[in-house]
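Source file: model.csv (CSV, C-alpha atoms)
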chain,number,residue,atom,x,y,z
I,291,MET,CA,8.7,101.8,149.8
I,292,CYS,CA,9.0,99.2,147.1
I,293,ARG,CA,7.8,101.7,144.5
I,294,ARG,CA,10.4,104.2,145.6
I,295,LEU,CA,13.2,101.6,145.4
I,296,LEU,CA,11.9,100.5,142.0
I,297,ALA,CA,11.9,104.1,140.8
I,298,LEU,CA,15.5,104.7,142.0
I,299,TRP,CA,16.6,101.5,140.3
I,300,TRP,CA,15.0,102.6,137.0
I,301,VAL,CA,16.7,106.0,137.2
I,302,ARG,CA,20.1,104.4,137.8
I,303,LEU,CA,19.6,102.0,134.9
I,304,THR,CA,18.5,104.8,132.6
I,305,ARG,CA,21.6,106.8,133.5
I,306,GLN,CA,23.9,103.8,132.7
I,307,TRP,CA,22.2,103.4,129.3
I,308,TRP,CA,22.6,107.1,128.7
I,309,ARG,CA,26.3,107.1,129.6
I,310,ALA,CA,26.9,104.0,127.4
I,311,ASP,CA,25.2,105.7,124.5
I,312,VAL,CA,27.3,108.9,125.0
I,313,ALA,CA,30.5,106.8,125.1
I,314,VAL,CA,29.5,105.1,121.8
I,315,ARG,CA,28.5,108.3,120.1
I,316,HIS,CA,31.6,110.2,121.2
I,317,LYS,CA,33.8,107.1,120.8
I,318,LYS,CA,35.2,107.0,124.3
I,319,VAL,CA,37.9,104.4,124.9
I,320,PRO,CA,36.5,101.5,127.0
I,321,ALA,CA,38.7,100.1,129.7
I,322,GLN,CA,39.4,97.0,127.7
I,323,ALA,CA,40.5,99.1,124.7
I,324,ALA,CA,42.6,101.3,126.9
I,325,SER,CA,44.4,98.3,128.3
I,326,ARG,CA,44.9,97.1,124.7
I,327,PHE,CA,46.9,100.3,124.1
I,328,GLN,CA,49.0,100.3,127.2
I,329,SER,CA,51.9,98.5,125.6
I,330,LEU,CA,52.4,101.5,123.3
I,331,ASP,CA,53.8,103.3,126.4
I,332,LEU,CA,56.9,101.2,126.2
I,333,LEU,CA,57.8,102.6,122.8
I,334,ALA,CA,60.1,105.5,122.3
I,335,THR,CA,58.3,106.3,119.1
I,336,LEU,CA,55.5,108.9,119.2
I,337,VAL,CA,52.2,106.9,118.7
I,338,ALA,CA,48.5,107.9,118.7
I,339,VAL,CA,45.4,105.8,118.1
I,340,VAL,CA,42.9,107.9,116.2
I,341,ALA,CA,39.3,107.4,115.2
I,342,THR,CA,38.6,108.0,111.5
I,343,ASN,CA,36.5,111.0,112.5
I,344,GLY,CA,39.7,112.6,113.7
I,345,SER,CA,39.4,112.4,117.4
I,346,MET,CA,42.2,110.9,119.5
I,347,LEU,CA,41.5,107.7,121.3
I,348,PHE,CA,44.9,107.2,122.9
I,349,VAL,CA,48.4,108.8,123.0
I,350,ASN,CA,51.4,107.0,124.4
I,351,ALA,CA,53.8,108.5,126.9
I,352,ALA,CA,56.4,109.5,124.3
I,353,LEU,CA,53.8,111.6,122.5
I,354,GLU,CA,52.6,113.1,125.7
I,355,ASP,CA,56.1,114.3,126.4
I,356,ALA,CA,56.6,115.7,122.9
I,357,LEU,CA,53.3,117.6,123.0
I,358,GLY,CA,53.8,118.8,126.5
I,359,LEU,CA,50.2,117.8,127.4
I,360,SER,CA,48.7,115.0,129.5
I,361,ARG,CA,46.8,112.1,127.9
I,362,ARG,CA,43.6,113.1,129.6
I,363,SER,CA,43.7,116.6,128.1
I,364,VAL,CA,44.2,115.5,124.5
I,365,VAL,CA,41.9,112.4,124.3
I,366,ASP,CA,38.7,113.1,122.3
I,367,THR,CA,40.3,116.3,120.7
I,368,PRO,CA,40.9,116.5,116.9
I,369,PHE,CA,44.4,115.2,116.3
I,370,ALA,CA,44.7,117.3,113.1
I,371,ASP,CA,44.7,120.5,115.2
I,372,PHE,CA,48.2,119.5,116.5
I,373,PHE,CA,49.7,119.9,113.0
I,374,THR,CA,50.6,123.0,111.1
I,375,GLN,CA,48.7,121.7,108.1
I,376,PRO,CA,45.7,119.8,109.5
I,377,SER,CA,44.3,118.9,106.0
I,378,GLN,CA,47.1,116.4,105.4
I,379,LEU,CA,46.0,114.2,108.3
I,380,GLN,CA,42.3,114.8,107.5
I,381,ASP,CA,42.9,113.5,104.0
I,382,ALA,CA,44.8,110.5,105.3
I,383,LEU,CA,42.0,109.6,107.7
I,384,SER,CA,39.4,110.0,105.0
I,385,GLY,CA,41.4,107.6,102.8
I,386,ALA,CA,41.7,105.1,105.7
I,387,LYS,CA,37.9,105.3,106.3
I,388,GLY,CA,37.3,104.5,102.6
I,389,ASN,CA,39.9,101.7,102.6
I,390,LYS,CA,41.9,103.4,100.0
I,391,PHE,CA,45.2,102.3,101.5
I,392,ALA,CA,46.6,100.1,104.3
I,393,ALA,CA,49.4,102.6,105.2
I,394,LEU,CA,50.2,106.1,104.2
I,395,ARG,CA,53.4,108.1,104.8
I,396,TYR,CA,54.1,111.8,104.6
I,397,ASP,CA,56.2,114.6,106.3
I,398,ALA,CA,54.6,117.2,108.5
I,399,TRP,CA,55.2,119.6,111.4
I,400,LEU,CA,53.8,118.7,114.9
I,401,ARG,CA,52.7,121.6,117.1
I,402,CYS,CA,54.2,121.4,120.7
I,403,VAL,CA,53.2,123.5,123.7
I,404,HIS,CA,56.6,124.5,125.0
I,405,ARG,CA,58.8,124.6,121.9
I,406,GLU,CA,58.8,125.2,118.2
I,407,PRO,CA,56.9,122.8,115.8
I,408,MET,CA,58.7,119.5,115.4
I,409,PRO,CA,59.4,118.0,111.9
I,410,VAL,CA,58.1,114.5,111.8
I,411,HIS,CA,57.5,111.7,109.4
I,412,VAL,CA,53.9,110.5,109.7
I,413,VAL,CA,52.8,106.9,109.2
I,414,VAL,CA,49.1,106.3,109.1
I,415,ALA,CA,48.1,102.6,109.3
I,416,GLN,CA,44.8,100.8,109.7
I,417,THR,CA,44.2,98.4,112.5
I,418,GLU,CA,41.9,95.4,112.8
I,419,VAL,CA,39.3,97.6,114.4
I,420,PRO,CA,37.0,99.4,112.0
I,421,ASP,CA,37.1,103.3,112.1
I,422,GLU,CA,40.4,103.2,114.0
I,423,VAL,CA,44.0,103.9,112.8
I,424,VAL,CA,47.4,104.1,114.3
I,425,VAL,CA,49.4,107.2,113.6
I,426,GLU,CA,53.2,106.9,114.2
I,427,LEU,CA,55.4,110.0,114.3
I,428,LEU,CA,59.1,109.7,113.6
I,429,PRO,CA,61.0,112.9,114.4
I,430,LEU,CA,63.0,113.8,111.3
I,431,ASP,CA,65.9,115.2,113.3
I,432,GLN,CA,66.3,111.7,114.9
I,433,GLN,CA,66.3,110.1,111.5
I,434,ALA,CA,68.7,112.7,110.2
I,435,ARG,CA,71.0,111.9,113.2
I,436,GLN,CA,71.0,108.2,112.5
I,437,ASP,CA,71.8,108.8,108.8
I,438,ARG,CA,74.6,111.2,109.8
I,439,GLU,CA,76.0,108.6,112.2
I,440,GLU,CA,75.9,105.9,109.5
I,441,ARG,CA,77.7,108.2,107.1
I,442,GLN,CA,80.4,109.0,109.7
I,443,ILE,CA,81.0,105.3,110.4
I,444,ASP,CA,81.3,104.5,106.7
I,445,GLN,CA,83.5,107.5,106.1
I,446,ALA,CA,85.7,106.6,109.0
I,447,GLN,CA,86.2,103.1,107.7
I,448,ALA,CA,87.0,104.4,104.2
I,449,THR,CA,89.4,107.0,105.7
I,450,LYS,CA,91.1,104.3,107.8
I,451,GLU,CA,91.8,102.2,104.7
I,452,LEU,CA,92.9,105.2,102.7
I,453,ILE,CA,95.3,106.3,105.5
I,454,ARG,CA,96.9,102.9,105.8
I,455,ASN,CA,97.4,102.5,102.1
I,456,LEU,CA,98.6,106.1,101.6
I,457,ALA,CA,101.0,106.0,104.6
I,458,HIS,CA,102.7,102.8,103.4
I,459,GLU,CA,103.0,104.2,99.9
I,460,ILE,CA,104.6,107.3,101.2
I,461,LYS,CA,106.8,105.7,103.8
I,462,ASN,CA,108.8,103.3,101.6
I,463,PRO,CA,110.1,105.9,99.1
I,464,LEU,CA,110.5,108.5,101.9
I,465,GLY,CA,113.3,106.4,103.5
I,466,GLY,CA,115.0,106.2,100.1
I,467,ILE,CA,114.8,109.9,99.6
I,468,ARG,CA,116.3,110.7,103.0
I,469,GLY,CA,119.1,108.1,102.6
I,470,ALA,CA,120.0,109.5,99.2
I,471,ALA,CA,120.1,113.0,100.6
I,472,GLN,CA,122.5,111.9,103.4
I,473,LEU,CA,124.8,110.2,100.9
I,474,LEU,CA,124.8,113.2,98.7
I,475,GLN,CA,125.6,115.5,101.6
I,476,MET,CA,128.7,113.5,102.4
I,477,GLU,CA,130.0,114.1,98.9
I,478,LEU,CA,129.5,117.8,98.9
I,479,ASP,CA,132.0,120.5,100.0
I,480,SER,CA,129.9,123.6,99.2
I,481,ARG,CA,128.0,124.9,102.3
I,482,GLU,CA,125.2,126.2,100.1
I,483,LEU,CA,124.6,122.8,98.5
I,484,ILE,CA,124.8,121.1,101.9
I,485,GLU,CA,121.9,123.5,103.0
I,486,TYR,CA,119.8,122.1,100.2
I,487,THR,CA,120.4,118.5,101.3
I,488,GLN,CA,119.6,119.4,104.8
I,489,VAL,CA,116.3,120.9,103.7
I,490,ILE,CA,115.5,117.5,102.0
I,491,ILE,CA,116.4,115.6,105.1
I,492,HIS,CA,114.4,117.9,107.4
I,493,GLU,CA,111.3,117.7,105.2
I,494,ALA,CA,111.6,113.9,104.9
I,495,ASP,CA,111.7,113.7,108.7
I,496,ARG,CA,108.7,115.9,108.9
I,497,LEU,CA,106.7,113.7,106.5
I,498,GLN,CA,107.9,110.6,108.4
I,499,THR,CA,106.5,112.1,111.6
I,500,LEU,CA,103.2,112.8,109.9
I,501,VAL,CA,103.0,109.2,108.5
I,502,ASP,CA,103.8,107.8,112.0
I,503,ARG,CA,101.0,109.9,113.5
I,504,LEU,CA,98.6,108.6,110.8
I,505,LEU,CA,99.5,105.0,111.5
I,506,ALA,CA,99.7,105.3,115.3
I,507,PRO,CA,96.1,104.2,116.1
I,508,HIS,CA,96.6,101.1,114.0
I,509,ARG,CA,100.0,100.2,115.4
I,510,LYS,CA,99.6,100.5,119.2
I,511,PRO,CA,98.0,97.5,120.9
I,512,HIS,CA,94.6,98.1,122.5
I,513,VAL,CA,95.4,97.9,126.2
I,514,VAL,CA,92.1,97.2,128.0
I,515,GLY,CA,91.5,97.8,131.7
I,516,ASP,CA,89.0,99.4,134.0
I,517,VAL,CA,88.4,103.1,133.1
I,518,ASN,CA,87.0,105.8,135.3
I,519,ILE,CA,86.0,108.6,132.9
I,520,HIS,CA,86.4,111.3,135.6
I,521,GLU,CA,90.0,110.3,136.1
I,522,VAL,CA,90.4,110.7,132.3
I,523,CYS,CA,88.8,114.2,132.5
I,524,GLU,CA,90.9,115.3,135.4
I,525,ARG,CA,94.1,114.2,133.6
I,526,VAL,CA,93.1,116.2,130.6
I,527,ARG,CA,92.1,119.2,132.7
I,528,SER,CA,95.5,119.3,134.4
I,529,LEU,CA,97.4,119.1,131.1
I,530,ILE,CA,95.2,121.9,129.5
I,531,LEU,CA,95.7,124.2,132.5
I,532,VAL,CA,99.5,123.7,132.4
I,533,GLU,CA,99.5,124.8,128.7
I,534,PHE,CA,96.9,127.6,129.1
I,535,PRO,CA,97.4,128.9,132.7
I,536,LYS,CA,95.8,132.3,132.2
I,537,GLY,CA,92.4,133.4,131.1
I,538,LEU,CA,90.8,129.9,130.9
I,539,GLN,CA,88.2,128.6,133.3
I,540,VAL,CA,87.7,124.8,133.2
I,541,VAL,CA,84.2,123.8,134.6
I,542,ARG,CA,83.6,120.3,135.8
I,543,ASP,CA,80.0,119.0,135.7
I,544,TYR,CA,80.3,115.3,136.6
I,545,ASP,CA,77.7,112.6,137.2
I,546,ALA,CA,79.3,110.6,140.0
I,547,SER,CA,77.0,107.6,139.4
I,548,ILE,CA,78.7,106.7,136.1
I,549,PRO,CA,80.3,103.2,136.5
I,550,GLU,CA,83.7,102.2,135.4
I,551,PHE,CA,83.9,100.4,132.0
I,552,ARG,CA,86.5,98.4,130.1
I,553,GLY,CA,88.6,100.4,127.8
I,554,ASP,CA,92.1,101.8,126.9
I,555,ARG,CA,92.7,104.6,129.4
I,556,GLU,CA,95.6,106.1,127.4
I,557,GLN,CA,93.7,106.2,124.2
I,558,LEU,CA,90.7,107.9,125.8
I,559,ILE,CA,93.0,110.5,127.5
I,560,GLN,CA,94.5,111.2,124.1
I,561,ALA,CA,91.0,111.5,122.4
I,562,VAL,CA,89.7,113.9,125.0
I,563,LEU,CA,92.9,115.8,125.1
I,564,ASN,CA,92.9,116.3,121.3
I,565,ILE,CA,89.3,117.7,121.5
I,566,ALA,CA,90.1,119.9,124.5
I,567,HIS,CA,93.3,121.2,123.0
I,568,ASN,CA,91.6,122.2,119.8
I,569,ALA,CA,89.0,124.0,121.8
I,570,ALA,CA,91.5,125.9,123.9
I,571,GLN,CA,93.4,127.0,120.8
I,572,ALA,CA,90.1,128.2,119.3
I,573,LEU,CA,89.5,130.3,122.5
I,574,ALA,CA,92.6,132.5,121.8
I,575,PRO,CA,90.6,135.8,121.6
I,576,ARG,CA,88.7,134.9,124.8
I,577,LEU,CA,91.9,133.8,126.6
I,578,ALA,CA,93.2,137.3,125.9
I,579,ALA,CA,90.0,138.8,127.3
I,580,GLY,CA,90.1,136.5,130.3
I,581,ASP,CA,86.6,135.0,129.8
I,582,ALA,CA,87.4,131.7,128.0
I,583,CYS,CA,85.5,128.7,129.4
I,584,LEU,CA,85.9,125.0,128.8
I,585,THR,CA,83.3,122.6,130.3
I,586,PHE,CA,83.6,118.8,130.9
I,587,ARG,CA,80.2,117.3,131.4
I,588,THR,CA,79.4,113.7,132.0
I,589,ARG,CA,76.0,112.1,131.9
I,590,VAL,CA,74.4,108.6,131.5
I,591,ALA,CA,72.2,108.2,128.4
I,592,ARG,CA,69.5,105.5,128.5
I,593,GLN,CA,68.1,103.5,125.6
I,594,VAL,CA,70.2,105.3,122.9
I,595,THR,CA,71.0,104.2,119.4
I,596,PHE,CA,74.3,104.9,117.7
I,597,GLY,CA,76.6,103.1,115.4
I,598,LYS,CA,73.5,101.1,114.1
I,599,GLN,CA,73.1,99.5,117.5
I,600,ARG,CA,70.8,100.2,120.5
I,601,TYR,CA,72.3,100.3,124.0
I,602,ARG,CA,70.6,100.3,127.3
I,603,LEU,CA,73.2,102.6,128.9
I,604,ALA,CA,75.9,104.8,127.3
I,605,LEU,CA,78.4,107.4,128.6
I,606,GLU,CA,77.9,111.0,127.3
I,607,LEU,CA,81.0,113.1,127.7
I,608,HIS,CA,80.6,116.7,126.5
I,609,VAL,CA,83.5,119.0,125.9
I,610,ILE,CA,82.0,122.4,125.5
I,611,ASP,CA,83.7,125.7,124.8
I,612,ASN,CA,82.5,129.3,124.3
I,613,GLY,CA,84.7,130.0,121.3
I,614,PRO,CA,83.7,131.2,117.8
I,615,GLY,CA,82.5,127.8,116.6
I,616,VAL,CA,83.5,125.5,113.8
I,617,PRO,CA,83.6,127.2,110.4
I,618,ASP,CA,80.6,126.3,108.2
I,619,SER,CA,82.9,125.4,105.4
I,620,ILE,CA,84.4,122.4,107.3
I,621,LYS,CA,81.5,121.4,109.6
I,622,ASP,CA,80.8,118.2,107.7
I,623,ARG,CA,84.5,117.4,107.3
I,624,ILE,CA,86.1,118.1,110.7
I,625,PHE,CA,86.8,114.4,111.3
I,626,TYR,CA,88.5,113.9,108.0
I,627,PRO,CA,92.3,113.7,108.1
I,628,LEU,CA,94.3,116.9,107.2
I,629,VAL,CA,91.2,119.1,107.6
I,630,SER,CA,91.8,122.0,110.0
I,631,GLY,CA,90.1,125.3,110.7
I,632,ARG,CA,93.2,126.7,112.3
I,633,GLU,CA,96.2,128.2,110.5
I,634,GLY,CA,99.1,125.8,110.8
I,635,GLY,CA,97.0,122.9,112.1
I,636,SER,CA,97.8,119.4,111.1
I,637,GLY,CA,94.1,118.3,110.9
I,638,LEU,CA,94.8,115.0,112.6
I,639,GLY,CA,93.7,115.6,116.2
I,640,LEU,CA,90.0,115.0,115.7
I,641,THR,CA,90.6,112.2,113.2
I,642,LEU,CA,92.7,110.3,115.8
I,643,ALA,CA,90.1,111.1,118.5
I,644,GLN,CA,87.3,109.6,116.4
I,645,THR,CA,89.4,106.6,115.7
I,646,PHE,CA,90.2,106.0,119.4
I,647,VAL,CA,86.6,106.4,120.4
I,648,GLN,CA,85.4,104.1,117.6
I,649,GLN,CA,87.8,101.4,118.9
I,650,HIS,CA,85.6,101.5,122.0
I,651,HIS,CA,82.5,101.0,119.9
I,652,GLY,CA,81.6,104.7,120.4
I,653,LEU,CA,81.2,107.8,118.4
I,654,ILE,CA,82.0,111.5,118.5
I,655,GLU,CA,79.4,114.1,117.5
I,656,CYS,CA,79.8,117.9,117.1
I,657,ASP,CA,77.2,120.6,117.5
I,658,SER,CA,78.6,124.0,116.9
I,659,VAL,CA,77.2,127.6,116.7
I,660,PRO,CA,79.1,130.8,117.4
I,661,GLY,CA,79.6,131.1,121.1
I,662,ARG,CA,79.1,127.4,121.9
I,663,THR,CA,80.7,124.3,120.5
I,664,ASP,CA,79.8,120.9,122.0
I,665,PHE,CA,81.8,117.8,121.2
I,666,LYS,CA,79.9,114.8,122.5
I,667,ILE,CA,81.6,111.4,123.1
I,668,LEU,CA,79.3,108.4,123.2
I,669,ILE,CA,80.6,105.1,124.6
I,670,PRO,CA,78.5,102.0,125.6
I,671,LEU,CA,78.4,101.2,129.3
I,672,PRO,CA,78.0,97.7,130.8

Whole structure, structure tokens version:
Amino acid sequence: MCRRLLALWWVRLTRQWWRADVAVRHKKVPAQAASRFQSLDLLATLVAVVATNGSMLFVNAALEDALGLSRRSVVDTPFADFFTQPSQLQDALSGAKGNKFAALRYDAWLRCVHREPMPVHVVVAQTEVPDEVVVELLPLDQQARQDREERQIDQAQATKELIRNLAHEIKNPLGGIRGAAQLLQMELDSRELIEYTQVIIHEADRLQTLVDRLLAPHRKPHVVGDVNIHEVCERVRSLILVEFPKGLQVVRDYDASIPEFRGDREQLIQAVLNIAHNAAQALAPRLAAGDACLTFRTRVARQVTFGKQRYRLALELHVIDNGPGVPDSIKDRIFYPLVSGREGGSGLGLTLAQTFVQQHHGLIECDSVPGRTDFKILIPLP
């Protein structure tokens, strides 16, 4: 009996030694090492811990989501196989193994299961553990979006200063021109000459109205109160349907859990109305056909970065239409003043909308292709 127990004990011990040897040879992640990597799951960045032989030791939750595969299914597989050009990562790992660098950067394409390859910026860095590197993947579309937002903010600030200075320079002589035309009209007896002075007065008034619209966002006080974004959308919806009663369907896709926030209700109504009105005007061919569609969609975005700041919660208000889309020639300039894709448009609606939203520390983005244009308003939530 004792011999049998001794034999069983020896077999069990041999198996444990064999498992430990396999784990070392195949570089399995021990429990202690796995717990060392758990904090990487808190990051929104795609991160993998890779052995210098190319096999993955750990992937964080963000990379799991991007790949469309579970952590268990990818651990111990060659990480280079998930790139369209595996040799780039293989060369980087070889350099890390030979201590040729502390960190290396390059651009690549990451293969994903359920979507097209994703462009990423790859950062390969050594760790304190030999034969182990951390690979960080930064989606290039996210970086491009942040760069675009920064450009929009800088451009909006420059545009704001230009508008203020230009409006004041125009306004002062404009009053003099109108007054002189009125005095001249009083001295004239000829009806034909009086028509000329009336043209001057009329055009001066038109320019005065334009200047007032340019200065409006900077003149009106910011009236802050509790804002329910769905009340804003409903007000805009009713105004749009009054102006476009036939051929337009307005779809409401609301998230009722969105809390109220502090803001200027009238400014937000004007901002959303400007966007929706532009969309309805662009839908003219579909209005005639009876299949024009305008959608108001509200959502809560979590842990988002815009305007060079990160917010725990933010409102996403989408105004979507099925029109022809924004012309490619003005896509990058649609928020500039006096830029319009419509014949006879003033080019001020989107400029004013962006200004009003930015006064709420928010931002407006546009994603447009033929058949679908999506204006997204982002505003921080408490």

### Task
Take atom CA of Asp371 of chain I and atom CA of Leu430 of chain I and report the distance between them in Å, one decimal.
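That distance, rounded to one decimal, is 19.9 Å.
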
### Message
Need the shell around Leu671 of chain I: protein/DNA/RNA residues with any atom at most 12 Å away, counting only C-alpha atoms. Skip same-chain ones fewer than 5 positions apart. Format as number ranges by chain?
### Response
I: 516-519, 548-553, 589-594, 600-606, 650-652

### Query
Neighbours of segment 572-579 of chain I within 10 Å (all atoms listed in the file; same-chain residues fewer than 6 positions away dropped), as a PyMOL selection string?
chain I and resi 534-539+566+611-616+631-632

### Task
State, in Å with one decimal place, the distance from atom CA of Leu428 of chain I to atom CA of Val410 of chain I.
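If I compute the distance from atom CA of Leu428 of chain I to atom CA of Val410 of chain I, I get 5.2 Å.
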
Exercise: segment 338-350 of chain I partners within 6 Å, all atoms listed in the file, chain neighbours under 2 positions left out, as a PDB file with C-alpha atoms, in the coordinates of the input:
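Printed below is result.pdb as written:
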ATOM      1  CA  LEU I 330      52.400 101.500 123.300  1.00  0.00           C
ATOM      2  CA  ASP I 331      53.800 103.300 126.400  1.00  0.00           C
ATOM      3  CA  ALA I 352      56.400 109.500 124.300  1.00  0.00           C
ATOM      4  CA  LEU I 353      53.800 111.600 122.500  1.00  0.00           C
ATOM      5  CA  VAL I 365      41.900 112.400 124.300  1.00  0.00           C
ATOM      6  CA  ASP I 366      38.700 113.100 122.300  1.00  0.00           C
ATOM      7  CA  THR I 367      40.300 116.300 120.700  1.00  0.00           C
ATOM      8  CA  PRO I 368      40.900 116.500 116.900  1.00  0.00           C
ATOM      9  CA  PHE I 369      44.400 115.200 116.300  1.00  0.00           C
ATOM     10  CA  LEU I 383      42.000 109.600 107.700  1.00  0.00           C
ATOM     11  CA  LYS I 387      37.900 105.300 106.300  1.00  0.00           C
ATOM     12  CA  ASP I 421      37.100 103.300 112.100  1.00  0.00           C
ATOM     13  CA  GLU I 422      40.400 103.200 114.000  1.00  0.00           C
ATOM     14  CA  VAL I 423      44.000 103.900 112.800  1.00  0.00           C
ATOM     15  CA  VAL I 424      47.400 104.100 114.300  1.00  0.00           C
ATOM     16  CA  VAL I 425      49.400 107.200 113.600  1.00  0.00           C
TER      17      VAL I 425
END

### Message
List the spatial neighbours of Ala351 of chain I as a ChimeraX atom specification - criterion: any atom at most 12 Å away, only C-alpha atoms, same-chain residues fewer than 6 positions off excluded.
### Response
/I:327-338,357-362

### Message
Here is a test: counting all atoms listed in the file, which residue of I:Thr663, I:Thr588, I:Thr595, I:Gln475 is nearest to Ile565 of chain I?
### Response
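So, comparing all the options, the nearest one is I:Thr663.
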
### Task
Have a look at atom CA of Glu459 of chain I and atom CA of Glu493 of chain I and let me know their distance in Å, one decimal.
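Going from atom CA of Glu459 of chain I over to atom CA of Glu493 of chain I covers 16.7 Å.
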
### Task
Taking (90.3, 118.5, 123.4) in the file's own coordinates, collect the residues within 10 Å, counting all atoms listed in the file, and hand them back as a PyMOL selection string.
chain I and resi 526-527+530+559-571+584+609-611+639-640+643+665

Using the selection just defined, write its residues with C-alpha atoms as a short mmCIF file (atom, residue, chain, number, x, y, z; two decimals), in the frame of the given file.
data_model
loop_
_atom_site.label_atom_id
_atom_site.label_comp_id
_atom_site.auth_asym_id
_atom_site.auth_seq_id
_atom_site.Cartn_x
_atom_site.Cartn_y
_atom_site.Cartn_z
CA VAL I 526 93.10 116.20 130.60
CA ARG I 527 92.10 119.20 132.70
CA ILE I 530 95.20 121.90 129.50
CA ILE I 559 93.00 110.50 127.50
CA GLN I 560 94.50 111.20 124.10
CA ALA I 561 91.00 111.50 122.40
CA VAL I 562 89.70 113.90 125.00
CA LEU I 563 92.90 115.80 125.10
CA ASN I 564 92.90 116.30 121.30
CA ILE I 565 89.30 117.70 121.50
CA ALA I 566 90.10 119.90 124.50
CA HIS I 567 93.30 121.20 123.00
CA ASN I 568 91.60 122.20 119.80
CA ALA I 569 89.00 124.00 121.80
CA ALA I 570 91.50 125.90 123.90
CA GLN I 571 93.40 127.00 120.80
CA LEU I 584 85.90 125.00 128.80
CA VAL I 609 83.50 119.00 125.90
CA ILE I 610 82.00 122.40 125.50
CA ASP I 611 83.70 125.70 124.80
CA GLY I 639 93.70 115.60 116.20
CA LEU I 640 90.00 115.00 115.70
CA ALA I 643 90.10 111.10 118.50
CA PHE I 665 81.80 117.80 121.20
#

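Shortest atom-to-atom contact with Arg623 of chain I among I:Cys656, I:Leu483, I:Val647, I:Leu464: I:Cys656, counting only C-alpha atoms.
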
### Query
Leu638 of chain I: which residues within 8 Å, counting all atoms listed in the file, same-chain residues fewer than 3 positions away excluded, as a ChimeraX atom specification?
/I:504,626-629,641-642
